[in-house]
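Have a look at upload_18.cif below; it lists mmCIF, C-alpha atoms.
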```cif
data_coords
#
loop_
_atom_site.label_atom_id
_atom_site.label_comp_id
_atom_site.auth_asym_id
_atom_site.auth_seq_id
_atom_site.Cartn_x
_atom_site.Cartn_y
_atom_site.Cartn_z
CA ARG A 28 -9.63 -11.05 -9.34
CA LEU A 29 -8.87 -12.31 -5.83
CA THR A 30 -5.34 -12.11 -4.44
CA SER A 31 -3.72 -12.49 -1.02
CA SER A 32 -0.64 -11.07 0.66
CA GLU A 33 1.49 -11.71 3.75
CA ARG A 34 4.41 -9.70 5.13
CA ALA A 35 6.57 -10.29 8.20
CA ASP A 36 7.80 -7.25 10.14
CA ASN A 37 7.44 -5.55 13.48
CA PHE A 38 9.93 -7.39 15.69
CA GLY A 39 8.26 -6.38 18.95
CA GLY A 40 4.61 -6.43 17.93
CA ASP A 41 4.36 -2.63 18.29
CA PRO A 42 1.48 -1.47 16.01
CA ILE A 43 3.17 1.85 15.15
CA SER A 44 6.85 0.90 14.88
CA GLY A 45 8.83 -1.68 12.93
CA ASN A 46 12.01 -1.10 14.95
CA THR A 47 13.73 -3.34 17.47
CA THR A 48 16.43 -2.64 20.06
CA PHE A 49 19.77 -4.40 20.53
CA GLN A 50 19.50 -5.29 24.23
CA ASP A 51 18.96 -8.02 26.85
CA ASN A 52 22.20 -9.93 26.30
CA GLY A 53 21.47 -11.14 22.78
CA SER A 54 17.92 -12.26 23.50
CA LYS A 55 15.96 -13.72 20.57
CA LYS A 56 13.80 -11.31 18.57
CA PHE A 57 10.29 -12.38 17.64
CA ILE A 58 8.91 -11.67 14.18
CA PHE A 59 5.21 -10.77 13.89
CA LEU A 60 2.86 -10.64 10.90
CA ASP A 61 2.69 -7.11 9.55
CA LEU A 62 0.25 -7.90 6.72
CA ALA A 63 -2.06 -10.86 6.05
CA TYR A 64 -5.05 -10.11 3.84
CA ALA A 65 -7.16 -11.04 0.84
CA LYS A 66 -7.82 -8.46 -1.87
CA TRP A 67 -10.57 -8.49 -4.51
CA ALA A 68 -10.40 -6.29 -7.60
CA ALA A 69 -14.16 -5.81 -7.83
CA ILE A 70 -14.04 -3.13 -10.56
CA ASN A 71 -11.41 -2.91 -13.30
CA THR A 72 -12.26 -0.74 -16.30
CA PRO A 73 -10.17 1.82 -18.22
CA ASP A 74 -11.78 4.68 -16.27
CA MET A 75 -12.58 3.15 -12.88
CA THR A 76 -11.08 0.68 -10.43
CA GLY A 77 -12.38 -0.68 -7.14
CA VAL A 78 -10.50 -2.86 -4.65
CA ILE A 79 -11.83 -4.47 -1.45
CA SER A 80 -9.38 -5.80 1.16
CA LEU A 81 -10.02 -7.94 4.25
CA GLY A 82 -7.62 -8.94 7.04
CA LYS A 83 -4.56 -7.22 8.46
CA ILE A 84 -4.35 -4.76 5.62
CA GLU A 85 -2.34 -1.89 4.21
CA ASN A 86 -3.68 1.46 5.37
CA PRO A 87 -6.08 2.62 2.62
CA PHE A 88 -5.92 6.30 3.61
CA VAL A 89 -3.50 8.92 2.31
CA PHE A 90 -2.54 10.99 5.36
CA SER A 91 0.60 12.42 6.89
CA ASP A 92 1.97 10.90 10.10
CA MET A 93 -0.07 13.50 12.00
CA VAL A 94 -3.02 11.12 11.52
CA PHE A 95 -1.45 7.65 11.15
CA ASP A 96 2.06 6.43 11.85
CA GLY A 97 3.59 5.10 8.65
CA ASP A 98 4.03 1.65 10.22
CA TYR A 99 0.36 1.25 11.16
CA THR A 100 -1.39 -1.65 9.40
CA PRO A 101 -5.05 -1.82 10.49
CA GLU A 102 -7.21 -4.91 10.90
CA GLY A 103 -10.60 -5.07 9.22
CA LEU A 104 -12.00 -3.98 5.87
CA SER A 105 -11.13 -1.34 3.29
CA GLN A 106 -12.60 -0.21 -0.02
CA GLN A 107 -10.63 1.90 -2.50
CA PHE A 108 -12.17 3.38 -5.64
CA ALA A 109 -10.47 5.48 -8.32
CA TYR A 110 -12.10 7.30 -11.23
CA THR A 111 -10.13 8.92 -14.06
CA LEU A 112 -11.87 12.12 -15.17
CA ASN A 113 -9.39 12.74 -18.00
CA ASP A 114 -5.66 12.58 -18.66
CA ALA A 115 -4.99 15.31 -16.08
CA HIS A 116 -7.47 14.75 -13.24
CA GLY A 117 -8.59 11.86 -11.08
CA LEU A 118 -10.84 11.23 -8.08
CA LYS A 119 -10.25 8.66 -5.33
CA LEU A 120 -12.55 7.44 -2.56
CA ASN A 121 -10.97 5.54 0.32
CA LEU A 122 -13.12 3.82 2.97
CA GLY A 123 -12.08 1.87 6.05
CA GLU A 124 -13.75 -0.14 8.81
CA PHE A 125 -11.17 -1.21 11.42
CA VAL A 126 -11.40 -3.28 14.60
CA LEU A 127 -9.47 -1.62 17.45
CA ASP A 128 -10.12 -4.25 20.12
CA GLU A 129 -12.25 -7.30 20.94
CA ILE A 130 -13.54 -7.21 24.51
CA GLY A 131 -14.98 -10.54 25.59
CA GLY A 132 -18.42 -10.50 27.17
CA ARG A 133 -19.35 -7.06 25.78
CA ASP A 134 -21.14 -5.83 22.68
CA ASP A 135 -19.62 -2.34 22.63
CA ASP A 136 -16.18 -3.01 21.19
CA PRO A 137 -14.24 -0.01 19.85
CA TYR A 138 -14.11 0.41 16.07
CA LEU A 139 -12.67 3.01 13.71
CA PHE A 140 -14.57 4.12 10.60
CA GLY A 141 -13.25 6.52 7.98
CA ALA A 142 -13.96 8.01 4.56
CA GLN A 143 -11.60 10.09 2.43
CA LEU A 144 -12.13 11.83 -0.92
CA ARG A 145 -9.10 12.93 -2.94
CA PHE A 146 -8.65 15.00 -6.11
CA ASP A 147 -5.28 14.60 -7.86
CA SER A 148 -4.22 16.64 -10.87
CA THR A 149 -1.25 16.92 -13.22
CA TRP A 150 -1.68 20.33 -14.84
CA ASN A 151 1.42 20.15 -17.05
CA LYS A 152 4.91 18.65 -16.93
CA HIS A 153 5.87 21.09 -14.17
CA VAL A 154 2.83 21.44 -11.88
CA ALA A 155 0.88 18.78 -9.97
CA THR A 156 -1.58 19.15 -7.09
CA SER A 157 -3.29 16.86 -4.60
CA PHE A 158 -6.14 17.73 -2.24
CA GLY A 159 -8.08 15.62 0.24
CA VAL A 160 -10.92 15.82 2.74
CA ALA A 161 -11.76 13.09 5.25
CA GLY A 162 -13.83 12.18 8.27
CA LEU A 163 -12.88 9.65 10.94
CA VAL A 164 -14.74 8.34 13.98
CA ILE A 165 -13.89 5.97 16.83
CA THR A 166 -16.88 4.27 18.42
CA ASP A 167 -17.00 3.28 22.11
CA ASP A 168 -13.63 4.91 22.75
CA ASP A 169 -14.32 4.76 26.49
CA ARG A 170 -13.30 1.08 26.20
CA LEU A 171 -9.74 2.10 25.26
CA THR A 172 -8.60 2.30 28.89
CA THR A 173 -5.24 2.30 30.65
CA SER A 174 -4.91 0.61 34.05
CA LEU A 175 -2.18 1.11 36.66
CA PRO A 176 -2.14 -1.56 39.39
CA ALA A 177 -1.14 -0.53 42.90
CA ALA A 178 2.28 -1.99 42.17
CA GLY A 179 3.36 -2.50 38.59
CA ALA A 180 3.49 -0.99 35.14
CA ALA A 181 0.53 0.45 33.25
CA THR A 182 -1.57 -2.01 31.28
CA SER A 183 -4.09 -1.31 28.55
CA ASP A 184 -6.83 -2.88 26.47
CA VAL A 185 -4.58 -2.08 23.49
CA PRO A 186 -0.78 -1.57 23.34
CA ASN A 187 -0.07 1.57 25.38
CA ILE A 188 2.73 3.09 23.27
CA ASN A 189 2.09 6.82 22.97
CA ALA A 190 0.84 9.52 25.35
CA GLY A 191 -0.79 12.94 25.12
CA ASN A 192 -4.58 12.47 25.25
CA GLU A 193 -6.36 13.93 28.24
CA HIS A 194 -7.68 11.19 30.55
CA THR A 195 -10.13 10.92 33.39
CA GLY A 196 -9.70 8.28 36.04
CA SER A 197 -10.72 6.53 39.19
CA PRO A 198 -9.74 7.73 41.72
CA ALA A 199 -10.09 11.26 40.36
CA PRO A 200 -8.52 13.61 39.63
CA LEU A 201 -5.51 12.23 37.80
CA PRO A 202 -2.67 11.81 38.49
CA ALA A 203 -3.35 9.57 41.46
CA PRO A 204 -0.78 9.37 44.27
CA ALA A 205 2.12 7.00 43.70
CA GLY A 206 1.19 3.40 44.51
CA THR A 207 -2.55 3.95 43.98
CA ALA A 208 -4.44 1.58 41.68
CA THR A 209 -5.80 3.71 38.83
CA THR A 210 -8.01 3.20 35.79
CA ALA A 211 -7.70 5.93 33.16
CA SER A 212 -10.21 6.48 30.36
CA LEU A 213 -10.14 8.89 27.44
CA ALA A 214 -11.77 12.17 28.47
CA HIS A 215 -13.04 13.05 24.99
CA ASN A 216 -14.50 11.46 21.87
CA PHE A 217 -12.64 11.30 18.58
CA ASN A 218 -14.45 12.14 15.34
CA PRO A 219 -12.07 14.51 13.53
CA LEU A 220 -12.28 16.15 10.14
CA VAL A 221 -9.04 16.27 8.14
CA VAL A 222 -8.15 18.38 5.09
CA ASP A 223 -4.83 18.39 3.26
CA GLY A 224 -3.27 19.83 0.14
CA ALA A 225 0.02 19.81 -1.72
CA VAL A 226 1.51 21.55 -4.74
CA THR A 227 4.54 20.11 -6.53
CA TYR A 228 6.61 22.09 -9.03
CA THR A 229 9.16 20.08 -11.00
CA LEU A 230 12.26 21.72 -12.44
CA GLU A 231 13.84 20.16 -15.50
CA SER A 232 17.23 20.14 -13.77
CA PHE A 233 18.97 21.16 -10.56
CA PRO A 234 22.63 21.28 -9.45
CA MET A 235 23.97 17.98 -8.05
CA TYR A 236 20.72 16.18 -8.94
CA ASN A 237 20.66 13.95 -12.03
CA ALA A 238 16.90 13.91 -12.72
CA ALA A 239 13.89 16.23 -12.87
CA PHE A 240 13.82 18.06 -9.52
CA PRO A 241 10.52 18.20 -7.55
CA ILE A 242 9.75 20.99 -5.07
CA ARG A 243 6.77 20.13 -2.88
CA LEU A 244 4.83 22.42 -0.54
CA GLY A 245 2.23 20.63 1.58
CA ALA A 246 -0.02 21.22 4.58
CA ASP A 247 -2.75 19.45 6.53
CA TYR A 248 -5.24 20.45 9.22
CA MET A 249 -7.30 18.37 11.65
CA TYR A 250 -10.21 19.44 13.87
CA ASN A 251 -11.90 17.17 16.41
CA PRO A 252 -15.38 18.41 17.43
CA GLY A 253 -15.54 15.59 19.98
CA ALA A 254 -13.35 17.65 22.34
CA GLU A 255 -14.03 21.15 23.66
CA ASP A 256 -10.40 22.29 23.74
CA GLN A 257 -6.93 21.19 22.65
CA ASN A 258 -8.72 19.73 19.62
CA MET A 259 -6.68 20.79 16.58
CA GLY A 260 -3.61 19.66 14.71
CA TYR A 261 -1.79 21.06 11.71
CA SER A 262 1.47 20.80 9.83
CA VAL A 263 3.13 22.63 6.95
CA GLY A 264 6.32 21.71 5.17
CA LEU A 265 8.60 22.05 2.15
CA THR A 266 10.49 19.18 0.48
CA LEU A 267 13.24 19.53 -2.13
CA GLY A 268 14.14 16.57 -4.31
CA LYS A 269 13.14 12.94 -3.86
CA SER A 270 15.37 10.05 -2.81
CA GLY A 271 14.77 6.40 -3.64
CA LYS A 272 16.66 6.10 -6.91
CA ARG A 273 20.44 5.85 -7.38
CA ARG A 274 22.34 9.07 -6.57
CA LEU A 275 19.18 11.06 -5.79
CA TRP A 276 18.69 13.02 -2.57
CA GLU A 277 15.98 14.76 -0.60
CA VAL A 278 15.87 17.46 2.09
CA GLY A 279 12.84 18.83 3.89
CA TYR A 280 11.51 20.95 6.72
CA ARG A 281 8.17 20.65 8.49
CA TRP A 282 6.43 22.34 11.41
CA LYS A 283 3.86 20.24 13.24
CA GLU A 284 1.53 20.95 16.15
CA LEU A 285 -0.71 18.15 17.40
CA GLN A 286 -2.82 19.24 20.34
CA ALA A 287 -3.70 16.83 23.13
CA ASN A 288 -7.24 15.88 22.07
CA ALA A 289 -6.99 16.28 18.30
CA TRP A 290 -6.79 12.52 17.66
CA TRP A 291 -6.24 9.22 19.46
CA GLU A 292 -2.66 9.08 20.69
CA GLU A 293 -2.10 5.43 19.74
CA LEU A 294 -2.39 6.03 15.98
CA VAL A 295 -0.05 8.99 15.40
CA ASP A 296 3.68 9.11 14.68
CA SER A 297 5.68 7.31 17.38
CA ASP A 298 8.84 9.29 16.55
CA PHE A 299 7.41 12.75 17.36
CA GLY A 300 7.69 13.35 21.10
CA ALA A 301 9.22 15.41 23.92
CA TYR A 302 10.02 15.27 27.64
CA TYR A 303 7.41 14.81 30.36
CA GLY A 304 8.56 15.69 33.87
CA GLY A 305 6.23 13.24 35.59
CA ASN A 306 2.84 11.53 35.70
CA SER A 307 -0.26 13.50 34.66
CA ALA A 308 -3.69 13.24 33.05
CA PHE A 309 -1.86 13.38 29.69
CA ASN A 310 0.39 10.39 30.43
CA PRO A 311 -1.29 8.36 33.22
CA GLY A 312 0.72 5.57 34.75
CA ARG A 313 4.05 6.85 33.49
CA GLY A 314 6.96 8.63 35.09
CA ALA A 315 9.35 11.24 33.79
CA GLY A 316 10.93 10.72 30.38
CA TYR A 317 10.53 10.97 26.62
CA GLN A 318 7.05 10.20 25.32
CA SER A 319 5.65 10.50 21.81
CA GLY A 320 2.06 11.00 20.66
CA THR A 321 -0.22 14.03 20.81
CA ASN A 322 0.27 17.16 22.97
CA ILE A 323 3.51 17.88 21.05
CA ARG A 324 4.68 20.65 18.70
CA GLY A 325 7.95 21.38 17.00
CA HIS A 326 10.28 21.33 14.00
CA ILE A 327 11.19 18.34 11.84
CA LEU A 328 14.23 18.43 9.54
CA LYS A 329 14.99 15.56 7.18
CA ALA A 330 17.71 14.62 4.72
CA SER A 331 18.21 11.39 2.76
CA TYR A 332 20.43 10.05 0.00
CA SER A 333 20.23 6.90 -2.12
CA PRO A 334 23.67 5.58 -3.14
CA THR A 335 21.87 2.75 -5.00
CA ASP A 336 18.31 1.94 -6.00
CA SER A 337 18.05 -0.51 -3.10
CA LEU A 338 19.63 1.54 -0.28
CA THR A 339 18.56 4.90 1.17
CA LEU A 340 20.41 6.58 4.05
CA GLY A 341 18.53 9.19 6.08
CA ALA A 342 18.76 11.52 9.06
CA THR A 343 15.87 13.23 10.85
CA GLY A 344 16.11 15.90 13.52
CA PHE A 345 13.24 16.69 15.90
CA ILE A 346 13.22 19.95 17.91
CA THR A 347 10.09 19.60 20.03
CA GLU A 348 8.25 20.55 23.21
CA VAL A 349 5.21 19.38 25.17
CA ILE A 350 2.24 21.76 24.75
CA ASN A 351 0.76 21.10 28.20
CA GLU A 352 3.99 20.68 30.14
CA VAL A 353 4.25 18.34 33.13
CA PRO A 354 4.63 19.90 35.64
CA ALA A 355 3.27 23.21 34.29
CA GLY A 356 6.05 25.60 33.34
CA SER A 357 8.75 22.93 33.29
CA GLU A 358 11.35 22.47 30.57
CA SER A 359 10.08 19.92 28.05
CA ASP A 360 12.24 20.91 25.06
CA MET A 361 14.03 18.07 23.34
CA LEU A 362 16.46 17.66 20.46
CA ARG A 363 16.35 14.15 19.03
CA VAL A 364 18.27 12.82 16.01
CA GLN A 365 17.24 9.63 14.23
CA LEU A 366 19.41 7.84 11.64
CA ASP A 367 17.91 5.34 9.21
CA ALA A 368 19.16 2.93 6.57
CA VAL A 369 16.39 1.51 4.38
CA TRP A 370 17.44 -1.50 2.34
CA LYS A 371 15.00 -2.91 -0.20
CA PHE A 372 15.50 -6.51 -1.27
#
```
Please express the file's structure as structure tokens.
Amino acid sequence: RLTSSERADNFGGDPISGNTTFQDNGSKKFIFLDLAYAKWAAINTPDMTGVISLGKIENPFVFSDMVFDGDYTPEGLSQQFAYTLNDAHGLKLNLGEFVLDEIGGRDDDPYLFGAQLRFDSTWNKHVATSFGVAGLVITDDDRLTTSLPAAGAATSDVPNINAGNEHTGSPAPLPAPAGTATTASLAHNFNPLVVDGAVTYTLESFPMYNAAFPIRLGADYMYNPGAEDQNMGYSVGLTLGKSGKRRLWEVGYRWKELQANAWWEELVDSDFGAYYGGNSAFNPGRGAGYQSGTNIRGHILKASYSPTDSLTLGATGFITEVINEVPAGSESDMLRVQLDAVWKF
């Protein structure tokens, strides 16, 4: 079976955010394609399914936002296979081949390849588990450069949204003096291994919650052998309840540390950031201010409530700091509160 899908989103074209800002005297807001793909159900049996997608596709991988921002929709190919072992256990294999950029006149364009194996189990009506292991690799990542003209803002081969990766540049060392034309390249390769696991225990009832009450403990860990240092990321968190249905709520806490060279900065959560005091090798071409990406650690607190099936109200608090502070020893701590209203229609 062959199907297709299109979805409009992403007012500003940002690959890792679907938000827009009320500004510029009521200027018009552009709408970009968020999804546009064809999907083929190549295998469809009672025990096994296989789906191949081509285009601007939904992310086939199951990761936390430590690996991919939830708004990221890659461009390329994906293959997703699922095999039911029995009523309680299932295996999933997710594969992806993504184009990161097309550089005219060259044959060494950057690509992202990934493979993920997952094992999901429902042990009884109370206990469920999910475990995953994955490998990712970016080829020719030296082509993902950031340029700073002698006068002007930083430009990039791809949208330069996040910060945090360690860069090398010309002239070296970074940061270059103000007003100097600079070209910054990633200092390390990215081929991380990622493992994750979660255990969910469901209570039959809970005060002020009118459904079965899930309690979820989850963690993930990432290691990038392509960098010699600052090459790890991990998170651990607890979630109580689950919003999304009428009069249901959810609260959660999570600790996350994402070191500078654990993963490419332009793929991770664009809401997790802290304060940089100036330009550096971790944020070339930028001045002082809030910047998200890697090189960040801190606390994340979330709460959400669904007054109806179609509307969920949420609040998220970030208490964060830069790991490699700029300048060294400066105050990078930040408290940031984000309010959301998600309306499904």
Selected by the PyMOL selection byres ((chain A and resi 78) around 9) in the shown coordinates: which residues, as a PyMOL selection string?
chain A and resi 66-71+76-77+79-80+105-108
Would you please work out which residue, of A:Val364, A:Leu220, A:Ala308, A:Val369, is nearest to Gly196 of chain A when using all atoms listed in the file?
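Of A:Val364, A:Leu220, A:Ala308, A:Val369, the one nearest Gly196 of chain A, counting all atoms listed in the file, is A:Ala308.
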Practice task
Excluding segment 85-90 of chain A and residues on its chain fewer than 4 positions from it, collect all residues at most 8 Å away from it, counting only C-alpha atoms, and give them as an NGL selection string.
Solution key: :A and (62 or 94-95 or 99-101 or 105-107 or 121-123 or 143)
Kindly save the residues from that selection, with C-alpha atoms included, as a PDB file, keeping the file's coordinate frame.
```
ATOM      1  CA  LEU A  62       0.250  -7.900   6.720  1.00  0.00           C
ATOM      2  CA  VAL A  94      -3.020  11.120  11.520  1.00  0.00           C
ATOM      3  CA  PHE A  95      -1.450   7.650  11.150  1.00  0.00           C
ATOM      4  CA  TYR A  99       0.360   1.250  11.160  1.00  0.00           C
ATOM      5  CA  THR A 100      -1.390  -1.650   9.400  1.00  0.00           C
ATOM      6  CA  PRO A 101      -5.050  -1.820  10.490  1.00  0.00           C
ATOM      7  CA  SER A 105     -11.130  -1.340   3.290  1.00  0.00           C
ATOM      8  CA  GLN A 106     -12.600  -0.210  -0.020  1.00  0.00           C
ATOM      9  CA  GLN A 107     -10.630   1.900  -2.500  1.00  0.00           C
ATOM     10  CA  ASN A 121     -10.970   5.540   0.320  1.00  0.00           C
ATOM     11  CA  LEU A 122     -13.120   3.820   2.970  1.00  0.00           C
ATOM     12  CA  GLY A 123     -12.080   1.870   6.050  1.00  0.00           C
ATOM     13  CA  GLN A 143     -11.600  10.090   2.430  1.00  0.00           C
TER      14      GLN A 143
END
```
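Atom CA of Arg324 of chain A is found 5.8 Å from atom CA of Glu348 of chain A.
Considering all atoms listed in the file, the residue among A:Leu285, A:Leu163, A:Ala238, A:Ala254 positioned nearest to His215 of chain A is A:Ala254.
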| request: Please indicate the distance in Å from atom CA of Asn351 of chain A to atom CA of Ala315 of chain A, rounded to one decimal place. | output: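 Separating atom CA of Asn351 of chain A from atom CA of Ala315 of chain A is a distance of 14.2 Å.
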(Q) Taking the file as I've supplied it (selection: the PyMOL selection byres ((chain A and resi 147) around 10)), which residues are included? Please answer as a list of chain:residue names. (A)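 With the PyMOL selection byres ((chain A and resi 147) around 10) on this model, the match is A:Thr111, A:Ala115, A:His116, A:Gly117, A:Leu118, A:Lys119, A:Arg145, A:Phe146, A:Ser148, A:Thr149, A:Trp150, A:Ala155, A:Thr156, A:Ser157, A:Phe158, A:Gly159, A:Gly224, A:Ala225.
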message: Using only C-alpha atoms, can you tell me which of A:Ile346, A:Val222, A:Met93, A:Ala190 comes closest to Leu144 of chain A?
response: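 Selected residue with least distance to Leu144 of chain A: A:Val222.
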- [ ] Taking the file as shown, find all residues satisfying the PyMOL selection byres ((chain A and resi 372) around 7) and write them as a list in words.
- [x]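 With the PyMOL selection byres ((chain A and resi 372) around 7) on this model, the match is Ser337, Trp370 and Lys371 of chain A.
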Output file for the selection above: C-alpha atoms, as a PDB file, keeping the file's coordinate frame:
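Written output follows (out33.pdb):
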```pdb
ATOM      1  CA  SER A 337      18.050  -0.510  -3.100  1.00  0.00           C
ATOM      2  CA  TRP A 370      17.440  -1.500   2.340  1.00  0.00           C
ATOM      3  CA  LYS A 371      15.000  -2.910  -0.200  1.00  0.00           C
TER       4      LYS A 371
END
```
Pro252 of chain A proximity check over A:Asp61, A:Gly304, A:Asn322, A:Val164, using only C-alpha atoms: winner is A:Val164
Atom pair atom CA of Lys329 of chain A + atom CA of Ser270 of chain A, distance 11.4 Å
_Just checking: using all atoms listed in the file, which residue out of A:Tyr110, A:Phe217, A:Phe240, A:Phe59 ends up closest to Phe140 of chain A?_
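Among A:Tyr110, A:Phe217, A:Phe240, A:Phe59, it is A:Phe217 that comes nearest to Phe140 of chain A.
A cut-off of 10 Å from the point (11.5, 12.6, -2.1), with all atoms listed in the file, picks out the residues Phe240, Pro241, Ile242, Arg243, Thr266, Leu267, Gly268, Lys269, Ser270, Gly271, Lys272, Leu275, Trp276, Glu277, Val278, Gly279, Ala330, Ser331 and Tyr332 of chain A.
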Around the point (8.1, 20.1, 8.1) in the file's coordinates, collect all residues with an atom within 12 Å, using all atoms listed in the file, and return them as a PDB file with C-alpha atoms, in the frame of the given file.
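As a result, result_35.pdb now contains:
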```
ATOM      1  CA  SER A  91       0.600  12.420   6.890  1.00  0.00           C
ATOM      2  CA  ASP A  92       1.970  10.900  10.100  1.00  0.00           C
ATOM      3  CA  MET A  93      -0.070  13.500  12.000  1.00  0.00           C
ATOM      4  CA  ARG A 243       6.770  20.130  -2.880  1.00  0.00           C
ATOM      5  CA  LEU A 244       4.830  22.420  -0.540  1.00  0.00           C
ATOM      6  CA  GLY A 245       2.230  20.630   1.580  1.00  0.00           C
ATOM      7  CA  ALA A 246      -0.020  21.220   4.580  1.00  0.00           C
ATOM      8  CA  ASP A 247      -2.750  19.450   6.530  1.00  0.00           C
ATOM      9  CA  TYR A 261      -1.790  21.060  11.710  1.00  0.00           C
ATOM     10  CA  SER A 262       1.470  20.800   9.830  1.00  0.00           C
ATOM     11  CA  VAL A 263       3.130  22.630   6.950  1.00  0.00           C
ATOM     12  CA  GLY A 264       6.320  21.710   5.170  1.00  0.00           C
ATOM     13  CA  LEU A 265       8.600  22.050   2.150  1.00  0.00           C
ATOM     14  CA  THR A 266      10.490  19.180   0.480  1.00  0.00           C
ATOM     15  CA  LEU A 267      13.240  19.530  -2.130  1.00  0.00           C
ATOM     16  CA  VAL A 278      15.870  17.460   2.090  1.00  0.00           C
ATOM     17  CA  GLY A 279      12.840  18.830   3.890  1.00  0.00           C
ATOM     18  CA  TYR A 280      11.510  20.950   6.720  1.00  0.00           C
ATOM     19  CA  ARG A 281       8.170  20.650   8.490  1.00  0.00           C
ATOM     20  CA  TRP A 282       6.430  22.340  11.410  1.00  0.00           C
ATOM     21  CA  LYS A 283       3.860  20.240  13.240  1.00  0.00           C
ATOM     22  CA  GLU A 284       1.530  20.950  16.150  1.00  0.00           C
ATOM     23  CA  PHE A 299       7.410  12.750  17.360  1.00  0.00           C
ATOM     24  CA  ARG A 324       4.680  20.650  18.700  1.00  0.00           C
ATOM     25  CA  GLY A 325       7.950  21.380  17.000  1.00  0.00           C
ATOM     26  CA  HIS A 326      10.280  21.330  14.000  1.00  0.00           C
ATOM     27  CA  ILE A 327      11.190  18.340  11.840  1.00  0.00           C
ATOM     28  CA  LEU A 328      14.230  18.430   9.540  1.00  0.00           C
ATOM     29  CA  LYS A 329      14.990  15.560   7.180  1.00  0.00           C
ATOM     30  CA  ALA A 330      17.710  14.620   4.720  1.00  0.00           C
ATOM     31  CA  THR A 343      15.870  13.230  10.850  1.00  0.00           C
ATOM     32  CA  GLY A 344      16.110  15.900  13.520  1.00  0.00           C
ATOM     33  CA  PHE A 345      13.240  16.690  15.900  1.00  0.00           C
ATOM     34  CA  ILE A 346      13.220  19.950  17.910  1.00  0.00           C
TER      35      ILE A 346
END
```
(Q) I need the residue nearest Ala355 of chain A from this list: A:Ser307, A:Asn258, A:Thr195, A:Ser212. Use all atoms listed in the file for the distance. (A)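 Counting all atoms listed in the file, the residue closest to Ala355 of chain A is A:Ser307.
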With 6 Å of padding per side, what axis-aligned box (centre and edge lengths, Å, one decimal) covers all the listed atoms of segment 271-281 of chain A? Give it as AutoDock Vina command-line options.
```
--center_x 15.3 --center_y 13.4 --center_z 0.6 --size_x 26.2 --size_y 27.1 --size_z 27.9
```
Some atoms are missing, so please complete segment 88-100 of chain A with N, CA and C atoms and return it as a compact mmCIF listing (two decimals), keeping the file's coordinate frame.
```txt
# COMPACT_ATOMS: atom_id res chain seq x y z
N PHE A 88 -5.82 4.84 3.61
CA PHE A 88 -5.92 6.30 3.61
C PHE A 88 -4.59 6.95 3.27
N VAL A 89 -4.68 8.13 2.65
CA VAL A 89 -3.50 8.92 2.31
C VAL A 89 -3.45 10.10 3.26
N PHE A 90 -2.69 9.95 4.34
CA PHE A 90 -2.54 10.99 5.36
C PHE A 90 -1.06 11.16 5.68
N SER A 91 -0.73 12.27 6.31
CA SER A 91 0.60 12.42 6.89
C SER A 91 0.65 11.65 8.21
N ASP A 92 1.83 11.60 8.82
CA ASP A 92 1.97 10.90 10.10
C ASP A 92 1.33 11.66 11.25
N MET A 93 0.73 12.81 10.99
CA MET A 93 -0.07 13.50 12.00
C MET A 93 -1.34 12.72 12.30
N VAL A 94 -1.78 11.90 11.36
CA VAL A 94 -3.02 11.12 11.52
C VAL A 94 -2.71 9.65 11.78
N PHE A 95 -1.84 9.05 10.96
CA PHE A 95 -1.45 7.65 11.15
C PHE A 95 0.06 7.52 11.04
N ASP A 96 0.66 6.80 11.98
CA ASP A 96 2.06 6.43 11.85
C ASP A 96 2.24 5.60 10.58
N GLY A 97 3.36 5.81 9.90
CA GLY A 97 3.59 5.10 8.65
C GLY A 97 3.69 3.59 8.78
N ASP A 98 3.93 3.09 10.00
CA ASP A 98 4.03 1.65 10.22
C ASP A 98 2.69 1.00 10.57
N TYR A 99 1.64 1.80 10.70
CA TYR A 99 0.36 1.25 11.16
C TYR A 99 -0.33 0.46 10.05
N THR A 100 -0.64 -0.80 10.33
CA THR A 100 -1.39 -1.65 9.40
C THR A 100 -2.66 -2.12 10.10
```
